[in-house]
file coords_8.txt (compact mmCIF, C-alpha atoms)
# COMPACT_ATOMS: atom_id res chain seq x y z
CA MET A 1 6.40 303.61 128.83
CA VAL A 2 7.29 306.75 126.93
CA SER A 3 9.04 309.97 127.82
CA SER A 4 7.56 313.33 126.92
CA SER A 5 10.47 315.12 125.30
CA SER A 6 13.61 314.48 123.30
CA ALA A 7 15.61 315.40 126.38
CA ASP A 8 13.97 312.56 128.28
CA VAL A 9 14.47 310.05 125.47
CA THR A 10 18.25 310.33 125.71
CA ALA A 11 18.04 309.02 129.27
CA ARG A 12 16.12 305.92 128.18
CA SER A 13 17.28 302.93 126.21
CA GLY A 14 13.91 302.22 124.61
CA ALA A 15 10.41 301.02 125.38
CA TYR A 16 9.55 299.01 128.47
CA GLY A 17 10.51 295.39 127.93
CA GLN A 18 12.47 296.06 124.74
CA HIS A 19 15.96 295.21 125.98
CA ARG A 20 15.33 292.97 128.97
CA ARG A 21 12.98 290.15 129.87
CA LEU A 22 10.31 290.94 132.43
CA THR A 23 10.99 289.63 135.92
CA PRO A 24 8.35 287.75 137.94
CA VAL A 25 7.66 291.01 139.79
CA ASP A 26 7.16 292.80 136.47
CA ARG A 27 4.82 290.10 135.18
CA PHE A 28 2.80 290.12 138.41
CA GLY A 29 2.37 293.88 138.11
CA VAL A 30 1.23 293.53 134.49
CA TRP A 31 -1.27 290.87 135.56
CA LEU A 32 -2.67 293.06 138.34
CA SER A 33 -3.05 295.98 135.93
CA GLY A 34 -4.83 293.77 133.43
CA ARG A 35 -7.20 292.58 136.12
CA ALA A 36 -8.09 296.18 137.01
CA LEU A 37 -8.63 297.07 133.35
CA ARG A 38 -11.00 294.17 132.79
CA LYS A 39 -12.91 295.09 135.93
CA HIS A 40 -13.86 298.42 134.38
CA VAL A 41 -14.17 297.18 130.80
CA PRO A 42 -15.77 293.73 131.10
CA SER A 43 -15.88 293.29 127.32
CA PHE A 44 -13.52 294.72 124.69
CA ALA A 45 -15.58 293.16 121.88
CA GLY A 46 -15.56 295.39 118.81
CA LYS A 47 -14.12 298.38 120.66
CA ALA A 48 -11.50 300.77 119.33
CA ILE A 49 -8.80 300.96 121.98
CA GLY A 50 -5.68 303.04 122.45
CA ASP A 51 -2.81 301.91 124.67
CA PHE A 52 -0.33 304.76 125.04
CA GLY A 53 3.01 303.81 126.56
CA CYS A 54 2.02 300.19 126.01
CA GLY A 55 5.55 298.73 126.22
CA TYR A 56 7.54 297.07 123.46
CA ASP A 57 5.40 293.93 123.44
CA ALA A 58 2.11 295.64 124.39
CA ARG A 59 1.30 292.72 126.67
CA PHE A 60 -2.18 293.83 127.69
CA ALA A 61 -3.23 294.89 124.20
CA ARG A 62 -2.06 291.53 122.87
CA SER A 63 -4.37 289.80 125.33
CA VAL A 64 -7.44 291.51 123.82
CA LEU A 65 -6.48 291.72 120.14
CA ASP A 66 -8.85 288.90 119.25
CA GLU A 67 -11.70 290.85 120.85
CA VAL A 68 -11.20 294.47 119.83
CA GLY A 69 -12.26 296.13 116.62
CA HIS A 70 -8.91 297.90 116.37
CA ALA A 71 -5.98 298.82 118.61
CA THR A 72 -3.82 301.93 118.41
CA LEU A 73 -0.50 301.33 120.17
CA VAL A 74 2.10 303.97 120.99
CA ASP A 75 5.57 303.70 122.49
CA LEU A 76 9.18 304.57 121.70
CA ALA A 77 9.52 301.20 119.95
CA LEU A 78 7.11 298.37 119.18
CA ALA A 79 7.64 294.72 118.28
CA GLN A 80 7.72 294.02 114.55
CA ASP A 81 4.79 291.61 114.60
CA LEU A 82 2.59 294.29 116.17
CA LYS A 83 3.56 296.74 113.43
CA GLU A 84 2.55 294.16 110.83
CA ASP A 85 -0.76 293.18 112.46
CA ARG A 86 -3.76 294.42 110.46
CA ARG A 87 -5.68 294.92 113.70
CA VAL A 88 -3.11 297.43 114.95
CA THR A 89 -2.13 301.01 114.20
CA ALA A 90 1.42 301.16 115.54
CA ILE A 91 2.95 304.55 116.31
CA GLU A 92 6.54 304.84 117.48
CA GLY A 93 7.42 308.13 119.13
CA THR A 94 7.32 310.18 122.30
CA LEU A 95 4.25 311.12 124.27
CA PRO A 96 2.20 313.21 123.97
CA ASP A 97 3.48 314.34 120.54
CA ALA A 98 2.95 310.91 118.97
CA LEU A 99 -0.80 311.18 119.53
CA GLU A 100 -1.25 314.15 117.21
CA SER A 101 -2.18 311.92 114.26
CA ILE A 102 -5.01 310.20 116.17
CA GLY A 103 -8.43 311.63 115.46
CA GLY A 104 -10.46 313.25 118.20
CA ASP A 105 -13.40 311.35 119.74
CA SER A 106 -12.18 308.17 118.03
CA LEU A 107 -11.39 305.62 120.76
CA ASP A 108 -13.79 303.74 123.01
CA VAL A 109 -11.15 302.73 125.57
CA VAL A 110 -8.01 304.77 126.25
CA LEU A 111 -5.24 303.32 128.44
CA SER A 112 -2.30 305.03 130.12
CA ILE A 113 -0.70 302.44 132.36
CA SER A 114 2.43 303.38 134.33
CA VAL A 115 3.25 306.30 132.03
CA LEU A 116 2.46 309.63 133.72
CA GLU A 117 5.22 309.19 136.30
CA HIS A 118 7.76 309.40 133.46
CA LEU A 119 6.53 312.75 132.12
CA TRP A 120 7.55 316.29 133.02
CA ASP A 121 4.17 317.55 131.78
CA PRO A 122 1.57 314.90 132.64
CA VAL A 123 -1.39 317.20 131.98
CA ALA A 124 -0.38 317.51 128.32
CA LEU A 125 -0.82 313.75 127.93
CA LEU A 126 -4.04 313.70 129.94
CA ARG A 127 -5.49 316.38 127.64
CA GLU A 128 -4.68 314.17 124.67
CA LEU A 129 -6.36 311.20 126.34
CA ARG A 130 -9.48 313.31 126.78
CA ARG A 131 -9.32 314.55 123.19
CA VAL A 132 -9.14 311.11 121.56
CA ALA A 133 -11.73 309.45 123.82
CA ALA A 134 -15.10 308.98 122.13
CA PRO A 135 -18.39 310.04 123.75
CA GLY A 136 -19.48 307.20 126.01
CA GLY A 137 -15.89 305.97 126.19
CA VAL A 138 -13.58 305.57 129.15
CA CYS A 139 -9.99 306.49 130.00
CA LEU A 140 -8.14 304.28 132.47
CA VAL A 141 -4.99 305.61 134.12
CA ASN A 142 -2.59 303.76 136.42
CA VAL A 143 0.35 305.36 138.24
CA PRO A 144 2.59 304.37 141.17
CA SER A 145 1.67 305.90 144.52
CA TRP A 146 3.99 307.53 147.05
CA ARG A 147 3.80 304.36 149.10
CA GLY A 148 4.81 302.45 145.99
CA LYS A 149 7.95 304.60 145.59
CA ARG A 150 9.67 302.85 148.49
CA TYR A 151 8.85 299.36 147.24
CA LEU A 152 9.76 300.12 143.64
CA GLU A 153 13.15 301.47 144.65
CA LEU A 154 13.79 298.44 146.87
CA SER A 155 12.74 296.11 144.07
CA ALA A 156 15.13 297.88 141.69
CA ARG A 157 18.03 297.56 144.16
CA LEU A 158 17.31 293.84 144.45
CA GLY A 159 17.25 293.46 140.67
CA LEU A 160 13.56 292.54 140.65
CA SER A 161 12.47 295.65 138.71
CA PRO A 162 14.24 297.60 135.94
CA ALA A 163 16.38 300.23 137.65
CA GLU A 164 16.41 302.45 134.54
CA GLU A 165 12.61 302.70 134.68
CA ILE A 166 12.56 303.67 138.35
CA ARG A 167 15.32 306.27 137.87
CA ASP A 168 13.21 307.84 135.12
CA HIS A 169 10.27 308.55 137.45
CA LYS A 170 9.54 312.25 137.79
CA THR A 171 6.97 311.96 140.59
CA TYR A 172 4.40 309.69 142.25
CA TYR A 173 0.65 310.04 142.67
CA ASP A 174 -1.88 309.43 145.39
CA PRO A 175 -5.55 309.99 144.46
CA ALA A 176 -5.38 313.54 145.83
CA ASP A 177 -2.46 314.26 143.47
CA LEU A 178 -3.94 312.69 140.34
CA TRP A 179 -7.58 313.77 140.61
CA PRO A 180 -7.02 317.55 140.09
CA LEU A 181 -4.79 316.87 137.07
CA LEU A 182 -7.58 314.86 135.48
CA VAL A 183 -9.99 317.75 136.05
CA GLU A 184 -7.47 320.22 134.61
CA ALA A 185 -7.20 318.01 131.53
CA GLY A 186 -10.93 318.31 130.88
CA PHE A 187 -12.55 315.32 132.58
CA LEU A 188 -15.63 316.25 134.60
CA PRO A 189 -15.28 315.75 138.37
CA VAL A 190 -18.51 313.74 138.52
CA ASP A 191 -17.14 311.32 135.92
CA ILE A 192 -13.88 310.51 137.72
CA GLU A 193 -13.29 307.60 140.10
CA CYS A 194 -9.83 307.57 141.66
CA TYR A 195 -8.55 305.05 144.19
CA LYS A 196 -5.50 303.11 145.36
CA HIS A 197 -4.94 299.50 144.27
CA LYS A 198 -2.16 296.89 144.02
CA PHE A 199 -1.96 296.80 147.84
CA GLY A 200 -1.81 300.60 147.92
CA LEU A 201 1.30 300.71 145.74
CA ASN A 202 -0.55 302.24 142.77
CA THR A 203 -3.30 304.76 142.09
CA PHE A 204 -5.95 303.96 139.50
CA ALA A 205 -8.34 306.39 137.81
CA VAL A 206 -11.48 305.68 135.79
CA CYS A 207 -12.57 308.65 133.71
CA ASN A 208 -15.88 308.27 131.88
CA VAL A 209 -16.63 310.51 128.90
CA PRO A 210 -20.21 311.81 128.61
CA ARG A 211 -22.21 310.83 125.55

call {"tool": "encode", "arguments": {"input": "coords_8.txt", "output": "structure tokens"}}
result
Amino acid sequence: MVSSSSADVTARSGAYGQHRRLTPVDRFGVWLSGRALRKHVPSFAGKAIGDFGCGYDARFARSVLDEVGHATLVDLALAQDLKEDRRVTAIEGTLPDALESIGGDSLDVVLSISVLEHLWDPVALLRELRRVAAPGGVCLVNVPSWRGKRYLELSARLGLSPAEEIRDHKTYYDPADLWPLLVEAGFLPVDIECYKHKFGLNTFAVCNVPR
């Protein structure tokens, strides 16, 4: 997860998973997100993917590295082995600024998983997702819902989720909150599917890009 400005970065100690091991709750959430991603992209074979705010270890991207043609990973910090992997373009920096070097219309699958809630200007990132997505590609966006806010805060108090991540949240999103931002960013209304998942604790959006 990546903050959107230098002011935000000072409040964060690094990328998600960089300084602490994931709890069982964290790992379950990662697994549920991965399941949703594979539902909408049944095969990653040969695809160019971008995972923006992927976390220090880029857990989902790692799971498909043997399938993809290439992976572009972005976060405040990335594991050294990812930076050395020939299948990976690793970019360390803040979002959305770190995406400037990525060519337009260049990625078949664009991922933003549990990132927008950390940004003061989410539309700026969504515009970049639309810019780098290739014709015929897809952008997949996951964010916590307003219902999820209560459970995330409880989980943080119990030590089951990273408190620093929850404190960094700027807002939460139900489908009615996220959908107009996607349209503002340039996705066509007819190409957007937006729904709640993870027991209603998250909102998921599938944004197809016309050929």

call {"tool": "closest_residue", "arguments": {"input": "coords_8.txt", "among": "A:Asp191, A:Glu67, A:Glu92, A:Asp168", "to": "Leu116 (chain A)", "atoms": "all atoms listed in the file"}}
result
A:Asp168

call {"tool": "closest_residue", "arguments": {"input": "coords_8.txt", "among": "A:Val138, A:Cys207, A:Val190, A:Val115", "to": "Val41 (chain A)", "atoms": "all atoms listed in the file"}}
result
A:Val138

call {"tool": "atom_distance", "arguments": {"input": "coords_8.txt", "atom1": "CA of Lys196 (chain A)", "atom2": "CA of Ala36 (chain A)"}}
result
11.2 Å

call {"tool": "atom_distance", "arguments": {"input": "coords_8.txt", "atom1": "CA of Ala176 (chain A)", "atom2": "CA of Pro189 (chain A)"}}
result
12.6 Å

call {"tool": "closest_residue", "arguments": {"input": "coords_8.txt", "among": "A:Gly53, A:Pro144, A:Pro122, A:Pro175", "to": "Leu78 (chain A)", "atoms": "all atoms listed in the file"}}
result
A:Gly53

call {"tool": "residues_around", "arguments": {"input": "coords_8.txt", "residues": "Lys83 (chain A)", "least_positions_apart": "2", "cutoff": "12 Å", "atoms": "only C-alpha atoms", "output": "VMD selection string"}}
result
chain A and resid 56 to 58 71 to 75 77 to 81 85 to 92

call {"tool": "residues_around", "arguments": {"input": "coords_8.txt", "residues": "Ala205 (chain A)", "least_positions_apart": "3", "cutoff": "9 Å", "atoms": "all atoms listed in the file", "output": "list in words"}}
result
Cys139, Leu140, Val141, Asn142, Val143, Pro175, Leu178, Trp179, Leu182, Ile192, Glu193, Cys194, Tyr195 and Lys196 of chain A

call {"tool": "atom_distance", "arguments": {"input": "coords_8.txt", "atom1": "CA of Ser63 (chain A)", "atom2": "CA of Gly34 (chain A)"}}
result
9.0 Å

call {"tool": "closest_residue", "arguments": {"input": "coords_8.txt", "among": "A:Leu201, A:Ala156, A:Ile166, A:Leu126", "to": "Pro180 (chain A)", "atoms": "all atoms listed in the file"}}
result
A:Leu126

call {"tool": "closest_residue", "arguments": {"input": "coords_8.txt", "among": "A:Leu37, A:Ala98, A:Ala61, A:Val183", "to": "Arg130 (chain A)", "atoms": "all atoms listed in the file"}}
result
A:Val183

call {"tool": "closest_residue", "arguments": {"input": "coords_8.txt", "among": "A:Leu160, A:Leu65, A:Val110, A:Val132", "to": "Arg21 (chain A)", "atoms": "only C-alpha atoms"}}
result
A:Leu160

call {"tool": "residues_around", "arguments": {"input": "coords_8.txt", "residues": "region 31-33 of chain A", "least_positions_apart": "6", "cutoff": "9 Å", "atoms": "only C-alpha atoms", "output": "ChimeraX atom specification"}}
result
/A:60,113,142,198

call {"tool": "residues_near_point", "arguments": {"input": "coords_8.txt", "point": "(-14.2, 296.5, 118.4)", "cutoff": "8 Å", "atoms": "all atoms listed in the file", "output": "list in words"}}
result
Phe44, Ala45, Gly46, Lys47, Ala48, Ile49, Glu67, Val68, Gly69 and His70 of chain A

call {"tool": "decode", "arguments": {"input": "coords_8.txt", "residues": "region 48-83 of chain A", "atoms": "N, CA and C atoms", "output": "compact mmCIF listing (two decimals), in the first residue's frame"}}
result
# COMPACT_ATOMS: atom_id res chain seq x y z
N ALA A 48 0.87 -8.91 -19.50
CA ALA A 48 1.63 -7.87 -18.81
C ALA A 48 0.74 -7.32 -17.71
N ILE A 49 1.19 -7.45 -16.46
CA ILE A 49 0.36 -7.01 -15.35
C ILE A 49 1.07 -5.90 -14.59
N GLY A 50 0.26 -5.07 -13.94
CA GLY A 50 0.77 -4.05 -13.04
C GLY A 50 0.06 -4.17 -11.71
N ASP A 51 0.82 -4.26 -10.63
CA ASP A 51 0.25 -4.33 -9.29
C ASP A 51 0.78 -3.13 -8.52
N PHE A 52 -0.10 -2.16 -8.31
CA PHE A 52 0.30 -0.86 -7.76
C PHE A 52 -0.15 -0.75 -6.31
N GLY A 53 0.83 -0.62 -5.40
CA GLY A 53 0.56 -0.76 -3.97
C GLY A 53 0.53 -2.23 -3.61
N CYS A 54 1.47 -2.98 -4.19
CA CYS A 54 1.45 -4.44 -4.12
C CYS A 54 1.88 -5.00 -2.77
N GLY A 55 2.48 -4.16 -1.90
CA GLY A 55 3.04 -4.65 -0.66
C GLY A 55 4.50 -5.04 -0.84
N TYR A 56 5.23 -5.09 0.24
CA TYR A 56 6.67 -5.33 0.20
C TYR A 56 7.00 -6.64 -0.51
N ASP A 57 6.24 -7.68 -0.22
CA ASP A 57 6.51 -8.99 -0.81
C ASP A 57 5.65 -9.29 -2.03
N ALA A 58 4.75 -8.38 -2.40
CA ALA A 58 3.92 -8.56 -3.60
C ALA A 58 3.35 -9.97 -3.66
N ARG A 59 2.64 -10.36 -2.63
CA ARG A 59 2.23 -11.75 -2.47
C ARG A 59 1.39 -12.26 -3.64
N PHE A 60 0.44 -11.45 -4.12
CA PHE A 60 -0.36 -11.96 -5.23
C PHE A 60 0.48 -12.05 -6.50
N ALA A 61 1.23 -11.01 -6.80
CA ALA A 61 2.05 -11.03 -8.02
C ALA A 61 3.01 -12.21 -8.01
N ARG A 62 3.58 -12.53 -6.85
CA ARG A 62 4.46 -13.69 -6.76
C ARG A 62 3.75 -14.97 -7.20
N SER A 63 2.47 -15.05 -6.86
CA SER A 63 1.72 -16.28 -7.13
C SER A 63 1.48 -16.50 -8.62
N VAL A 64 1.65 -15.44 -9.44
CA VAL A 64 1.41 -15.58 -10.88
C VAL A 64 2.65 -15.28 -11.72
N LEU A 65 3.80 -15.12 -11.08
CA LEU A 65 5.01 -14.77 -11.83
C LEU A 65 5.40 -15.82 -12.85
N ASP A 66 5.10 -17.08 -12.55
CA ASP A 66 5.45 -18.13 -13.51
C ASP A 66 4.49 -18.16 -14.70
N GLU A 67 3.39 -17.41 -14.61
CA GLU A 67 2.42 -17.38 -15.69
C GLU A 67 2.57 -16.15 -16.57
N VAL A 68 2.81 -15.00 -15.96
CA VAL A 68 2.72 -13.73 -16.68
C VAL A 68 3.87 -13.55 -17.66
N GLY A 69 3.65 -12.65 -18.62
CA GLY A 69 4.74 -12.27 -19.49
C GLY A 69 5.70 -11.33 -18.78
N HIS A 70 5.13 -10.41 -18.00
CA HIS A 70 5.95 -9.46 -17.24
C HIS A 70 5.07 -8.82 -16.17
N ALA A 71 5.70 -8.44 -15.06
CA ALA A 71 4.98 -7.80 -13.96
C ALA A 71 5.65 -6.49 -13.60
N THR A 72 4.87 -5.43 -13.52
CA THR A 72 5.36 -4.14 -13.04
C THR A 72 4.80 -3.94 -11.63
N LEU A 73 5.70 -3.82 -10.66
CA LEU A 73 5.31 -3.75 -9.26
C LEU A 73 5.71 -2.39 -8.69
N VAL A 74 4.80 -1.78 -7.93
CA VAL A 74 5.06 -0.46 -7.36
C VAL A 74 4.66 -0.44 -5.91
N ASP A 75 5.56 0.02 -5.05
CA ASP A 75 5.24 0.32 -3.66
C ASP A 75 6.37 1.15 -3.07
N LEU A 76 6.19 1.60 -1.84
CA LEU A 76 7.22 2.41 -1.19
C LEU A 76 8.55 1.66 -1.10
N ALA A 77 8.48 0.35 -0.88
CA ALA A 77 9.67 -0.50 -0.83
C ALA A 77 9.28 -1.88 -1.32
N LEU A 78 10.23 -2.57 -1.95
CA LEU A 78 9.98 -3.90 -2.49
C LEU A 78 11.12 -4.82 -2.08
N ALA A 79 10.80 -6.10 -1.89
CA ALA A 79 11.80 -7.08 -1.50
C ALA A 79 12.91 -7.16 -2.55
N GLN A 80 14.13 -7.40 -2.08
CA GLN A 80 15.29 -7.41 -2.98
C GLN A 80 15.17 -8.45 -4.08
N ASP A 81 14.65 -9.62 -3.77
CA ASP A 81 14.57 -10.65 -4.80
C ASP A 81 13.62 -10.27 -5.92
N LEU A 82 12.58 -9.48 -5.60
CA LEU A 82 11.68 -8.99 -6.64
C LEU A 82 12.41 -8.00 -7.54
N LYS A 83 13.22 -7.15 -6.95
CA LYS A 83 13.96 -6.15 -7.73
C LYS A 83 14.98 -6.81 -8.65
